[in-house]
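Engineer: Below is the structure I would like to discuss, written out as structure tokens.
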Amino acid sequence: MADQFTEGLVARETGTQLVKRGLAEMLKGGVIMDVVDPEQARIAEDAGAVAVMALERVPSDIRRDGGVARMSDPEMIEGIKAVTTVPVMAKARIGHFVEAQILQALGVDYVDESEVLTPADETHHIDKWAFTVPFVCGATNLGEALRRISEGACMIRSKGEAGTGNIVEAVRHLRTILGDIRKVTQADSAELFDWAKRLQAPLPLVQEIAETGTLPVPLFCAGGIATPADAALVMQLGAEAVFVGSGIFKSDDPATRAKAIVEATTNFRDADILAKVSRGLGPAMPGLEIGSLDTKLADRGW
Amino acid sequence: MQAPVVGVLALQGAFALHVRALERLGSVAVEVRTPPELAGVDGLVLPGGESTTMSKLLDANGLFEPVAERLAEGMPALGTCAGMILLAREVLDGRADQRSFGAVDITVRRNAFGRQVDSFEADLEVAGLPEAPVHAVFIRAPVVEDVGPGVEVLAQVDGGRPVACRQGRVLVTSFHPELSPDLRVHELFLRELAA
């Protein structure tokens with residue numbers, strides 16, 4: 001060993017893009033579960049969650065209760081951190097950079113700038129480059145995804161329609177994002193300027209996608225996943241991991257369902273395993289038709 | 001002679017990046033999720049990800065015992081981050097039900113450097129790679145706290161905390177060579193595989 005490494009701390013850089021995106025890479029193929037207390041966090045980790053999202057109310061309850069939904073109480077987040085060994089994420093309101101500062105100070109591992117909470121700013125998202133903690137943001141289409149990445153997001157998730165147990169919106173968002181990526185890769189260099197204009201996205205990011213055929217950060221799926229088959233569906237469509245919100249702890253048997261969704265996400269192409277893990281899970285969460293909703297959370301964000 | 005087939009454990013985590021790194025080096029790399037897929041490989045990469053999740057999925061997919069048998073028979077392996085934890089003899093700060101293969105006689109502490117805000121990049125001297133330091137990416141990384149006889153320490157940080165070790169044909173790192181364009185750690189493993 002060289003002497004410089006045997007004395008004191010090795011010179012290190014924290015909060016780099018590589019380190020932030022790197023954690024998202026480590027979560028791929030996994031299930032991130034919404035939990036509202038330490039007991040649920042324990043059930044989630046027992047089932048094989050790769051991370052938990054600490055929040056006070058799951059989206060279906062936020063939807064039912066109405067009112068302003070805000071960042072969770074730090075005490076509640078710390079209670080969950082204390083019992084889990086996997087990464088802990090938490091949500092800040094869109095544009096509420098002080099909530100994000102607080103979450104970073106609490107040592108959460110990922111901040112979700114989330115449309116599930118009531119937006120704090122109708123024009124601006126958080127400048128995520130200013131933080132050491134990485135951010136995940138929702139998107140319904142490629143332009144929105146690239147705007148979030150240009151603001152410093154290190155993971156994109158579909159918005160879906162949280163709290164509905166209805167997968168249709170997440171499927172729409174994934175198909176829109178991935179379909180447009182496929183089209184951009186077919187465009188010639190002159191057409192890319194028009195793509196950037198239509199997507200309202202920075203040209204360099206559009207050019208990068210044309211070259212690589214993929215988003216520069218991992219693309220996960222959120223919003224409406226309620227069954228193992230839902231998880232496998234979005235994985236086959238091209239999502240790289242899944243968030244499950246209300247779908248687990250609003251079902252009749254959360255522990256069994258959580259484990260089944262974990263196994264389905266890993267074995268998403270194996271219909272025999274999917275058939276096996278889908279058996280005997282009891283009733284899923286009650287679902288909602290998108291047409292019947294008063295508030296579409298996916299419309300939040302700009 | 002046929003080129004060796006390298007399996008990458010693909011239950012969860014950064015397996016696709018390992019496949020890409022191995023393919024860039026001209027190897028044949030395949031994803032391993034089931035025992036029949038394991039049977040067709042000459043060596044195995046255990047990627048970064050969540051070691052607790054992978055431990056459960058190894059059981060759920062019936063892979064734990066077959067992988068343990070292959071390791072006992074001397075199959076070369078590379079474990080990075082969570083993969084290092086899975087290959088270790090003992091795991092600290094893990095879950096009580098977490099299993100590991102004990103293929104390397106080391107005690108590993110999970111998340112030894114802190115939370116994600118403490119994750120970092122650093123240049124490391126790695127034994128066997130004298131040309132230049134390896135640019136290493138540590139993400140909620142484990143560290144080796146105790147090393148048994150027969151284990152060679154290849155790299156350390158912070159005044160002697162081991163972050164890369166080798167025992168027999170098994171190579172483990174706390175950091176993520178799959179996140180960096182520097183492919184020399186993968187080359188070290190492939191040399192072992194070809195030996």
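We label chains A, B, ... in the order they appear in the structure tokens, count residues from 1 in each chain, and number ligands from 1 in the order shown.
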Could you tell me which residues of chain A sit within 6 Å of chain B when counting only C-alpha atoms, and give me the result as a PDB file with N, CA, C and O atoms, in the first residue's frame?
Structural biologist:
ATOM      1  N   PHE A   5      -2.256   6.211   1.753  1.00  0.00           N
ATOM      2  CA  PHE A   5      -3.516   5.550   2.089  1.00  0.00           C
ATOM      3  C   PHE A   5      -3.470   4.891   3.465  1.00  0.00           C
ATOM      4  O   PHE A   5      -4.434   4.320   3.905  1.00  0.00           O
ATOM      5  N   THR A   6      -2.342   4.943   4.109  1.00  0.00           N
ATOM      6  CA  THR A   6      -2.283   4.332   5.430  1.00  0.00           C
ATOM      7  C   THR A   6      -2.296   5.386   6.524  1.00  0.00           C
ATOM      8  O   THR A   6      -2.206   5.083   7.684  1.00  0.00           O
ATOM      9  N   GLU A   7      -2.386   6.650   6.129  1.00  0.00           N
ATOM     10  CA  GLU A   7      -2.448   7.708   7.137  1.00  0.00           C
ATOM     11  C   GLU A   7      -3.683   8.560   6.910  1.00  0.00           C
ATOM     12  O   GLU A   7      -3.869   9.136   5.847  1.00  0.00           O
ATOM     13  N   GLY A   8      -4.532   8.645   7.940  1.00  0.00           N
ATOM     14  CA  GLY A   8      -5.718   9.497   7.843  1.00  0.00           C
ATOM     15  C   GLY A   8      -6.709   8.986   6.824  1.00  0.00           C
ATOM     16  O   GLY A   8      -6.651   7.830   6.400  1.00  0.00           O
ATOM     17  N   LEU A   9      -7.598   9.844   6.443  1.00  0.00           N
ATOM     18  CA  LEU A   9      -8.674   9.453   5.530  1.00  0.00           C
ATOM     19  C   LEU A   9      -8.232   9.603   4.087  1.00  0.00           C
ATOM     20  O   LEU A   9      -7.487  10.516   3.750  1.00  0.00           O
ATOM     21  N   VAL A  10      -8.705   8.713   3.267  1.00  0.00           N
ATOM     22  CA  VAL A  10      -8.438   8.820   1.844  1.00  0.00           C
ATOM     23  C   VAL A  10      -9.183  10.051   1.307  1.00  0.00           C
ATOM     24  O   VAL A  10     -10.272  10.385   1.789  1.00  0.00           O
ATOM     25  N   ARG A  12     -11.611  12.090  -0.729  1.00  0.00           N
ATOM     26  CA  ARG A  12     -12.853  11.580  -1.303  1.00  0.00           C
ATOM     27  C   ARG A  12     -13.766  12.703  -1.734  1.00  0.00           C
ATOM     28  O   ARG A  12     -13.729  13.799  -1.203  1.00  0.00           O
ATOM     29  N   GLU A  13     -14.598  12.389  -2.734  1.00  0.00           N
ATOM     30  CA  GLU A  13     -15.604  13.322  -3.219  1.00  0.00           C
ATOM     31  C   GLU A  13     -16.977  12.726  -2.932  1.00  0.00           C
ATOM     32  O   GLU A  13     -17.242  11.580  -3.315  1.00  0.00           O
ATOM     33  N   THR A  14     -17.853  13.503  -2.293  1.00  0.00           N
ATOM     34  CA  THR A  14     -19.212  13.026  -2.041  1.00  0.00           C
ATOM     35  C   THR A  14     -20.200  13.795  -2.924  1.00  0.00           C
ATOM     36  O   THR A  14     -19.865  14.837  -3.493  1.00  0.00           O
ATOM     37  N   GLU A  25     -28.743   2.774  -9.462  1.00  0.00           N
ATOM     38  CA  GLU A  25     -28.348   1.520 -10.145  1.00  0.00           C
ATOM     39  C   GLU A  25     -28.488   0.329  -9.200  1.00  0.00           C
ATOM     40  O   GLU A  25     -28.894  -0.762  -9.601  1.00  0.00           O
ATOM     41  N   MET A  26     -28.129   0.551  -7.928  1.00  0.00           N
ATOM     42  CA  MET A  26     -28.168  -0.553  -6.952  1.00  0.00           C
ATOM     43  C   MET A  26     -29.595  -0.969  -6.606  1.00  0.00           C
ATOM     44  O   MET A  26     -29.821  -2.060  -6.088  1.00  0.00           O
ATOM     45  N   LEU A  27     -30.563  -0.091  -6.859  1.00  0.00           N
ATOM     46  CA  LEU A  27     -31.957  -0.409  -6.528  1.00  0.00           C
ATOM     47  C   LEU A  27     -32.671  -1.126  -7.674  1.00  0.00           C
ATOM     48  O   LEU A  27     -33.801  -1.593  -7.516  1.00  0.00           O
ATOM     49  N   LYS A  28     -31.998  -1.213  -8.837  1.00  0.00           N
ATOM     50  CA  LYS A  28     -32.652  -1.815 -10.006  1.00  0.00           C
ATOM     51  C   LYS A  28     -33.104  -3.247  -9.728  1.00  0.00           C
ATOM     52  O   LYS A  28     -32.444  -3.974  -8.988  1.00  0.00           O
ATOM     53  N   GLY A  29     -34.210  -3.596 -10.357  1.00  0.00           N
ATOM     54  CA  GLY A  29     -34.731  -4.951 -10.191  1.00  0.00           C
ATOM     55  C   GLY A  29     -35.383  -5.150  -8.837  1.00  0.00           C
ATOM     56  O   GLY A  29     -35.729  -6.275  -8.471  1.00  0.00           O
ATOM     57  N   GLY A  30     -35.558  -4.061  -8.083  1.00  0.00           N
ATOM     58  CA  GLY A  30     -36.093  -4.187  -6.731  1.00  0.00           C
ATOM     59  C   GLY A  30     -37.425  -3.486  -6.564  1.00  0.00           C
ATOM     60  O   GLY A  30     -37.956  -2.870  -7.491  1.00  0.00           O
ATOM     61  N   GLY A  48     -38.279  -8.291   1.584  1.00  0.00           N
ATOM     62  CA  GLY A  48     -37.231  -8.138   0.577  1.00  0.00           C
ATOM     63  C   GLY A  48     -37.240  -6.807  -0.157  1.00  0.00           C
ATOM     64  O   GLY A  48     -36.683  -6.693  -1.250  1.00  0.00           O
ATOM     65  N   VAL A  50     -36.015  -3.314  -1.428  1.00  0.00           N
ATOM     66  CA  VAL A  50     -34.655  -2.777  -1.579  1.00  0.00           C
ATOM     67  C   VAL A  50     -34.525  -1.424  -0.905  1.00  0.00           C
ATOM     68  O   VAL A  50     -33.413  -0.946  -0.666  1.00  0.00           O
ATOM     69  N   ASP A 109     -31.745   8.734   2.370  1.00  0.00           N
ATOM     70  CA  ASP A 109     -30.858   8.295   1.287  1.00  0.00           C
ATOM     71  C   ASP A 109     -31.290   8.793  -0.091  1.00  0.00           C
ATOM     72  O   ASP A 109     -30.473   8.878  -1.007  1.00  0.00           O
ATOM     73  N   THR A 132     -26.452  17.322  -1.785  1.00  0.00           N
ATOM     74  CA  THR A 132     -25.619  16.104  -1.751  1.00  0.00           C
ATOM     75  C   THR A 132     -26.495  14.864  -1.866  1.00  0.00           C
ATOM     76  O   THR A 132     -26.110  13.862  -2.461  1.00  0.00           O
ATOM     77  N   VAL A 133     -27.689  14.920  -1.275  1.00  0.00           N
ATOM     78  CA  VAL A 133     -28.613  13.790  -1.352  1.00  0.00           C
ATOM     79  C   VAL A 133     -29.178  13.713  -2.779  1.00  0.00           C
ATOM     80  O   VAL A 133     -29.403  14.748  -3.413  1.00  0.00           O
ATOM     81  N   THR A 266     -38.280  -9.608  -9.728  1.00  0.00           N
ATOM     82  CA  THR A 266     -37.047 -10.296 -10.151  1.00  0.00           C
ATOM     83  C   THR A 266     -37.298 -11.224 -11.330  1.00  0.00           C
ATOM     84  O   THR A 266     -36.535 -11.244 -12.292  1.00  0.00           O
TER      85      THR A 266
END
Engineer: Leaving out Val5 (chain B) and any residue of its chain fewer than 4 positions from it, which residues lie within 9 Å of it when counting only C-alpha atoms, given as a list in words?
Structural biologist: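 Listing them by chain and then by number gives Ser27, Val28, Ala29, Val30, Gly40, Val41, Asp42, Gly43 and Leu44 of chain B.
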Engineer: What does the distance from CA of Leu171 (chain B) to CA of Arg20 (chain B) come to in Å, to one decimal?
Structural biologist: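 CA of Leu171 (chain B) sits 18.8 Å away from CA of Arg20 (chain B).
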Engineer: Between CA of Lys159 (chain A) and CA of Ser72 (chain A), what distance in Å does the model show, to one decimal?
Structural biologist: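 For CA of Lys159 (chain A) relative to CA of Ser72 (chain A), the distance reads 19.8 Å.
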Engineer: Ranking A:Trp195, A:Phe268, A:Phe220, A:Tyr110 by minimum distance to Ala241 (chain A) and counting only C-alpha atoms, which one comes first?
Structural biologist: A:Phe220
Engineer: Between A:His124, A:Arg21, A:Arg198, A:Arg42, which has the minimum distance to Pro254 (chain A) (counting only C-alpha atoms)?
Structural biologist: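 Closest to Pro254 (chain A) of all the choices is A:Arg42.
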Engineer: Contacts of Gly224 (chain A) at 8 Å or less, counting only C-alpha atoms, minus same-chain residues fewer than 6 places along, as number ranges by chain?
Structural biologist: A: 160-170, 244-245, 247
Engineer: Using C-alpha atoms, can you export the residues from the last selection as a CSV table (one decimal), in the first residue's frame?
Structural biologist:
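Output contents, as saved in out-v2.csv:
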chain,number,residue,atom,x,y,z
A,160,GLY,CA,-48.9,6.8,-12.7
A,161,GLU,CA,-51.9,7.8,-10.7
A,162,ALA,CA,-50.9,7.2,-7.1
A,163,GLY,CA,-53.4,5.8,-4.6
A,164,THR,CA,-55.7,4.3,-7.2
A,165,GLY,CA,-54.5,0.7,-7.5
A,166,ASN,CA,-55.0,1.3,-11.2
A,167,ILE,CA,-52.0,0.6,-13.4
A,168,VAL,CA,-53.3,2.2,-16.6
A,169,GLU,CA,-51.7,5.6,-16.1
A,170,ALA,CA,-48.3,4.2,-15.2
A,244,VAL,CA,-45.4,0.3,-4.5
A,245,GLY,CA,-47.4,2.8,-2.5
A,247,GLY,CA,-50.9,-1.4,-3.0
Engineer: List every residue of region 84-266 of chain A that DSSP, applied to the backbone of this structure, places in strand (DSSP E or B), and write the result as a list of chain:residue names.
Structural biologist: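 Across region 84-266 of chain A, those assigned strand (DSSP E or B) are A:Val88, A:Met89, A:Ala90, A:Lys91, A:Ala92, A:Arg93, A:Tyr110, A:Val111, A:Asp112, A:Glu113, A:Ser114, A:Phe135, A:Val136, A:Cys137, A:Gly138, A:Ala139, A:Met155, A:Ile156, A:Arg157, A:Ser158, A:Leu219, A:Phe220, A:Cys221, A:Val242, A:Phe243, A:Val244.
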Engineer: Keeping only N, CA and C atoms, take the residues you just selected and write them out as an mmCIF file, in the first residue's frame.
Structural biologist:
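Produced file selection18.cif, reproduced below:
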data_model
loop_
_atom_site.group_PDB
_atom_site.id
_atom_site.type_symbol
_atom_site.label_atom_id
_atom_site.label_comp_id
_atom_site.auth_asym_id
_atom_site.auth_seq_id
_atom_site.Cartn_x
_atom_site.Cartn_y
_atom_site.Cartn_z
ATOM 1 N N VAL A 88 -33.518 4.522 3.069
ATOM 2 C CA VAL A 88 -34.793 5.161 3.407
ATOM 3 C C VAL A 88 -34.955 6.403 2.538
ATOM 4 N N MET A 89 -36.091 6.475 1.844
ATOM 5 C CA MET A 89 -36.420 7.649 1.034
ATOM 6 C C MET A 89 -37.533 8.427 1.740
ATOM 7 N N ALA A 90 -37.678 9.705 1.369
ATOM 8 C CA ALA A 90 -38.797 10.481 1.903
ATOM 9 C C ALA A 90 -39.186 11.531 0.870
ATOM 10 N N LYS A 91 -40.411 12.024 0.990
ATOM 11 C CA LYS A 91 -40.957 12.933 -0.021
ATOM 12 C C LYS A 91 -40.907 14.385 0.429
ATOM 13 N N ALA A 92 -40.537 15.257 -0.521
ATOM 14 C CA ALA A 92 -40.666 16.698 -0.356
ATOM 15 C C ALA A 92 -41.685 17.182 -1.381
ATOM 16 N N ARG A 93 -42.357 18.305 -1.057
ATOM 17 C CA ARG A 93 -43.300 18.879 -2.023
ATOM 18 C C ARG A 93 -42.560 19.436 -3.236
ATOM 19 N N TYR A 110 -32.568 9.087 -0.268
ATOM 20 C CA TYR A 110 -33.083 9.614 -1.539
ATOM 21 C C TYR A 110 -34.272 10.508 -1.233
ATOM 22 N N VAL A 111 -34.375 11.638 -1.913
ATOM 23 C CA VAL A 111 -35.542 12.512 -1.758
ATOM 24 C C VAL A 111 -36.421 12.361 -2.991
ATOM 25 N N ASP A 112 -37.704 12.138 -2.770
ATOM 26 C CA ASP A 112 -38.678 12.081 -3.860
ATOM 27 C C ASP A 112 -39.392 13.430 -3.902
ATOM 28 N N GLU A 113 -39.118 14.212 -4.954
ATOM 29 C CA GLU A 113 -39.848 15.477 -5.143
ATOM 30 C C GLU A 113 -41.159 15.090 -5.790
ATOM 31 N N SER A 114 -42.215 15.021 -4.957
ATOM 32 C CA SER A 114 -43.348 14.187 -5.353
ATOM 33 C C SER A 114 -44.647 14.945 -5.540
ATOM 34 N N PHE A 135 -31.989 12.851 -5.813
ATOM 35 C CA PHE A 135 -33.435 13.040 -5.969
ATOM 36 C C PHE A 135 -34.001 12.101 -7.022
ATOM 37 N N VAL A 136 -35.228 11.658 -6.767
ATOM 38 C CA VAL A 136 -36.048 11.010 -7.787
ATOM 39 C C VAL A 136 -37.229 11.924 -8.050
ATOM 40 N N CYS A 137 -37.635 12.016 -9.337
ATOM 41 C CA CYS A 137 -38.789 12.829 -9.701
ATOM 42 C C CYS A 137 -39.702 12.031 -10.608
ATOM 43 N N GLY A 138 -40.980 12.375 -10.583
ATOM 44 C CA GLY A 138 -41.957 11.727 -11.452
ATOM 45 C C GLY A 138 -41.992 12.383 -12.817
ATOM 46 N N ALA A 139 -42.439 11.602 -13.821
ATOM 47 C CA ALA A 139 -42.615 12.159 -15.161
ATOM 48 C C ALA A 139 -43.737 11.399 -15.865
ATOM 49 N N MET A 155 -32.842 9.918 -10.775
ATOM 50 C CA MET A 155 -33.700 8.764 -11.043
ATOM 51 C C MET A 155 -35.030 9.355 -11.501
ATOM 52 N N ILE A 156 -35.633 8.749 -12.517
ATOM 53 C CA ILE A 156 -36.965 9.151 -12.972
ATOM 54 C C ILE A 156 -37.914 7.992 -12.710
ATOM 55 N N ARG A 157 -39.119 8.328 -12.256
ATOM 56 C CA ARG A 157 -40.157 7.302 -12.140
ATOM 57 C C ARG A 157 -41.383 7.794 -12.875
ATOM 58 N N SER A 158 -42.137 6.865 -13.417
ATOM 59 C CA SER A 158 -43.432 7.250 -13.955
ATOM 60 C C SER A 158 -44.251 7.809 -12.803
ATOM 61 N N LEU A 219 -34.803 4.469 -14.959
ATOM 62 C CA LEU A 219 -36.240 4.743 -15.111
ATOM 63 C C LEU A 219 -37.019 3.693 -14.326
ATOM 64 N N PHE A 220 -37.677 4.131 -13.263
ATOM 65 C CA PHE A 220 -38.452 3.229 -12.432
ATOM 66 C C PHE A 220 -39.943 3.492 -12.669
ATOM 67 N N CYS A 221 -40.787 2.616 -12.137
ATOM 68 C CA CYS A 221 -42.222 2.786 -12.317
ATOM 69 C C CYS A 221 -42.896 3.008 -10.967
ATOM 70 N N VAL A 242 -39.561 -0.991 -9.308
ATOM 71 C CA VAL A 242 -40.925 -0.496 -9.061
ATOM 72 C C VAL A 242 -41.065 0.097 -7.656
ATOM 73 N N PHE A 243 -41.894 1.119 -7.581
ATOM 74 C CA PHE A 243 -42.345 1.679 -6.304
ATOM 75 C C PHE A 243 -43.757 1.159 -6.060
ATOM 76 N N VAL A 244 -44.025 0.665 -4.861
ATOM 77 C CA VAL A 244 -45.397 0.296 -4.533
ATOM 78 C C VAL A 244 -45.840 1.123 -3.333
#
Engineer: Which is closer to Leu87 (chain B) than all the others in B:Val163, B:Val6, B:Val170, B:Val147, using only C-alpha atoms?
Structural biologist: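 Answer, going by the shortest atom-to-atom distance: B:Val170.
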Engineer: Would you pick out the contacts of Leu92 (chain B) at 9 Å or less, using only C-alpha atoms, so that residues sharing its chain but fewer than 5 positions from it are not included, and give the list as an NGL selection string?
Structural biologist: :B and (107-110)
Engineer: Measuring between only C-alpha atoms, which one of A:Leu103, A:Ala201, A:Val184, A:Ile94 shows the shortest distance to Ala145 (chain A)?
Structural biologist: A:Ala201
Engineer: Output as a PyMOL selection string all residues of region 11-160 of chain B that backbone DSSP marks as helix (DSSP H, G or I).
Structural biologist: chain B and resi 15-24+35-39+51-60+64-72+82-87+116-118
Engineer: Can you write just those residues out, C-alpha atoms, as a CSV table (one decimal), in the first residue's frame?
Structural biologist:
chain,number,residue,atom,x,y,z
B,15,PHE,CA,-26.2,-6.7,-12.8
B,16,ALA,CA,-26.7,-5.1,-16.3
B,17,LEU,CA,-23.6,-2.9,-15.7
B,18,HIS,CA,-21.5,-6.0,-15.0
B,19,VAL,CA,-22.8,-7.7,-18.1
B,20,ARG,CA,-21.8,-4.6,-20.1
B,21,ALA,CA,-18.3,-4.4,-18.5
B,22,LEU,CA,-17.7,-8.1,-19.2
B,23,GLU,CA,-18.9,-7.8,-22.8
B,24,ARG,CA,-16.6,-4.8,-23.4
B,35,PRO,CA,-30.3,-23.2,-11.1
B,36,PRO,CA,-30.2,-24.3,-14.8
B,37,GLU,CA,-28.8,-20.9,-15.7
B,38,LEU,CA,-26.1,-21.3,-13.0
B,39,ALA,CA,-25.2,-24.7,-14.3
B,51,SER,CA,-27.6,-7.8,0.1
B,52,THR,CA,-30.7,-8.5,2.3
B,53,THR,CA,-33.0,-8.6,-0.7
B,54,MET,CA,-30.6,-10.8,-2.7
B,55,SER,CA,-30.2,-13.2,0.2
B,56,LYS,CA,-34.0,-13.7,0.3
B,57,LEU,CA,-34.2,-14.1,-3.5
B,58,LEU,CA,-31.4,-16.6,-3.5
B,59,ASP,CA,-33.6,-18.7,-1.3
B,60,ALA,CA,-36.8,-18.0,-3.1
B,64,PHE,CA,-28.5,-20.5,-2.5
B,65,GLU,CA,-27.4,-24.2,-2.2
B,66,PRO,CA,-26.4,-24.6,-5.8
B,67,VAL,CA,-24.2,-21.4,-5.7
B,68,ALA,CA,-22.7,-22.6,-2.4
B,69,GLU,CA,-21.8,-26.0,-3.9
B,70,ARG,CA,-20.2,-24.4,-7.0
B,71,LEU,CA,-18.2,-22.1,-4.7
B,72,ALA,CA,-17.1,-25.0,-2.6
B,82,ALA,CA,-23.5,-6.4,-1.8
B,83,GLY,CA,-21.7,-9.2,-3.6
B,84,MET,CA,-18.8,-8.9,-1.1
B,85,ILE,CA,-21.3,-9.2,1.7
B,86,LEU,CA,-22.9,-12.4,0.2
B,87,LEU,CA,-19.4,-14.0,-0.2
B,116,GLN,CA,-26.0,7.9,1.1
B,117,VAL,CA,-24.8,11.4,1.7
B,118,ASP,CA,-21.5,9.9,2.8
Engineer: Might you pull out every residue within 7 Å of region 271-287 of chain A, with only C-alpha atoms counted and same-chain residues fewer than 6 positions away left off, and present them as a PyMOL selection string?
Structural biologist: chain A and resi 164-166+226+228-229+247+250-253+256-257+260+264
Engineer: Write to file, as a PDB file, in the first residue's frame, the residues of the selection just made, with N, CA, C and O atoms.
Structural biologist:
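again.pdb, written as the output of this step:
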ATOM      1  N   THR A 164     -54.549   4.820  -6.554  1.00  0.00           N
ATOM      2  CA  THR A 164     -55.740   4.300  -7.231  1.00  0.00           C
ATOM      3  C   THR A 164     -55.734   2.779  -7.337  1.00  0.00           C
ATOM      4  O   THR A 164     -56.779   2.176  -7.578  1.00  0.00           O
ATOM      5  N   GLY A 165     -54.577   2.134  -7.216  1.00  0.00           N
ATOM      6  CA  GLY A 165     -54.513   0.700  -7.482  1.00  0.00           C
ATOM      7  C   GLY A 165     -54.820   0.385  -8.939  1.00  0.00           C
ATOM      8  O   GLY A 165     -55.155  -0.744  -9.290  1.00  0.00           O
ATOM      9  N   ASN A 166     -54.687   1.398  -9.789  1.00  0.00           N
ATOM     10  CA  ASN A 166     -55.012   1.255 -11.208  1.00  0.00           C
ATOM     11  C   ASN A 166     -53.743   1.523 -12.018  1.00  0.00           C
ATOM     12  O   ASN A 166     -53.185   2.623 -11.972  1.00  0.00           O
ATOM     13  N   ALA A 226     -50.562  -2.856  -7.864  1.00  0.00           N
ATOM     14  CA  ALA A 226     -51.302  -3.516  -6.781  1.00  0.00           C
ATOM     15  C   ALA A 226     -51.084  -5.022  -6.740  1.00  0.00           C
ATOM     16  O   ALA A 226     -51.419  -5.668  -5.747  1.00  0.00           O
ATOM     17  N   PRO A 228     -48.600  -8.696  -8.207  1.00  0.00           N
ATOM     18  CA  PRO A 228     -47.344  -9.146  -8.822  1.00  0.00           C
ATOM     19  C   PRO A 228     -47.385  -8.997 -10.345  1.00  0.00           C
ATOM     20  O   PRO A 228     -46.385  -8.624 -10.969  1.00  0.00           O
ATOM     21  N   ALA A 229     -48.536  -9.255 -10.937  1.00  0.00           N
ATOM     22  CA  ALA A 229     -48.656  -9.137 -12.397  1.00  0.00           C
ATOM     23  C   ALA A 229     -48.465  -7.694 -12.845  1.00  0.00           C
ATOM     24  O   ALA A 229     -47.859  -7.437 -13.898  1.00  0.00           O
ATOM     25  N   GLY A 247     -50.524  -0.072  -2.579  1.00  0.00           N
ATOM     26  CA  GLY A 247     -50.851  -1.424  -3.037  1.00  0.00           C
ATOM     27  C   GLY A 247     -50.539  -2.529  -2.047  1.00  0.00           C
ATOM     28  O   GLY A 247     -51.184  -3.574  -2.054  1.00  0.00           O
ATOM     29  N   LYS A 250     -52.516  -1.468   1.859  1.00  0.00           N
ATOM     30  CA  LYS A 250     -53.971  -1.355   1.756  1.00  0.00           C
ATOM     31  C   LYS A 250     -54.593  -2.667   1.269  1.00  0.00           C
ATOM     32  O   LYS A 250     -55.786  -2.724   0.981  1.00  0.00           O
ATOM     33  N   SER A 251     -53.770  -3.714   1.153  1.00  0.00           N
ATOM     34  CA  SER A 251     -54.319  -5.025   0.798  1.00  0.00           C
ATOM     35  C   SER A 251     -54.574  -5.804   2.080  1.00  0.00           C
ATOM     36  O   SER A 251     -54.181  -5.380   3.163  1.00  0.00           O
ATOM     37  N   ASP A 252     -55.220  -6.973   1.949  1.00  0.00           N
ATOM     38  CA  ASP A 252     -55.616  -7.727   3.136  1.00  0.00           C
ATOM     39  C   ASP A 252     -54.444  -8.415   3.832  1.00  0.00           C
ATOM     40  O   ASP A 252     -54.469  -8.625   5.034  1.00  0.00           O
ATOM     41  N   ASP A 253     -53.411  -8.798   3.066  1.00  0.00           N
ATOM     42  CA  ASP A 253     -52.299  -9.565   3.634  1.00  0.00           C
ATOM     43  C   ASP A 253     -50.982  -8.951   3.147  1.00  0.00           C
ATOM     44  O   ASP A 253     -50.333  -9.492   2.240  1.00  0.00           O
ATOM     45  N   THR A 256     -47.497 -11.122   2.754  1.00  0.00           N
ATOM     46  CA  THR A 256     -47.487 -12.097   1.668  1.00  0.00           C
ATOM     47  C   THR A 256     -47.462 -11.399   0.303  1.00  0.00           C
ATOM     48  O   THR A 256     -46.726 -11.797  -0.608  1.00  0.00           O
ATOM     49  N   ARG A 257     -48.274 -10.354   0.182  1.00  0.00           N
ATOM     50  CA  ARG A 257     -48.329  -9.631  -1.096  1.00  0.00           C
ATOM     51  C   ARG A 257     -46.992  -8.945  -1.388  1.00  0.00           C
ATOM     52  O   ARG A 257     -46.508  -8.950  -2.526  1.00  0.00           O
ATOM     53  N   ALA A 260     -44.547 -11.455  -2.642  1.00  0.00           N
ATOM     54  CA  ALA A 260     -44.920 -11.892  -3.994  1.00  0.00           C
ATOM     55  C   ALA A 260     -44.522 -10.840  -5.034  1.00  0.00           C
ATOM     56  O   ALA A 260     -44.043 -11.174  -6.125  1.00  0.00           O
ATOM     57  N   ALA A 264     -41.941 -11.328  -8.093  1.00  0.00           N
ATOM     58  CA  ALA A 264     -42.420 -11.060  -9.457  1.00  0.00           C
ATOM     59  C   ALA A 264     -41.526 -10.050 -10.164  1.00  0.00           C
ATOM     60  O   ALA A 264     -41.311 -10.134 -11.375  1.00  0.00           O
TER      61      ALA A 264
END
Engineer: With distances taken over only C-alpha atoms, which of A:Asp73, A:Ile225, A:Arg63, A:Ala190 is nearest to Phe249 (chain A)?
Structural biologist: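 Ranked by minimum distance to Phe249 (chain A), first place goes to A:Ile225.
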Engineer: Using CA of Ser246 (chain A) and CA of Ala41 (chain A) as the two end points, give the distance in Å to one decimal.
Structural biologist: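 For CA of Ser246 (chain A) relative to CA of Ala41 (chain A), the distance reads 13.6 Å.
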Engineer: Between A:Val108, A:Ala298, A:Ser150, A:Glu208, which residue has the minimum interatomic distance to His173 (chain A), considering only C-alpha atoms?
Structural biologist: A:Ala298
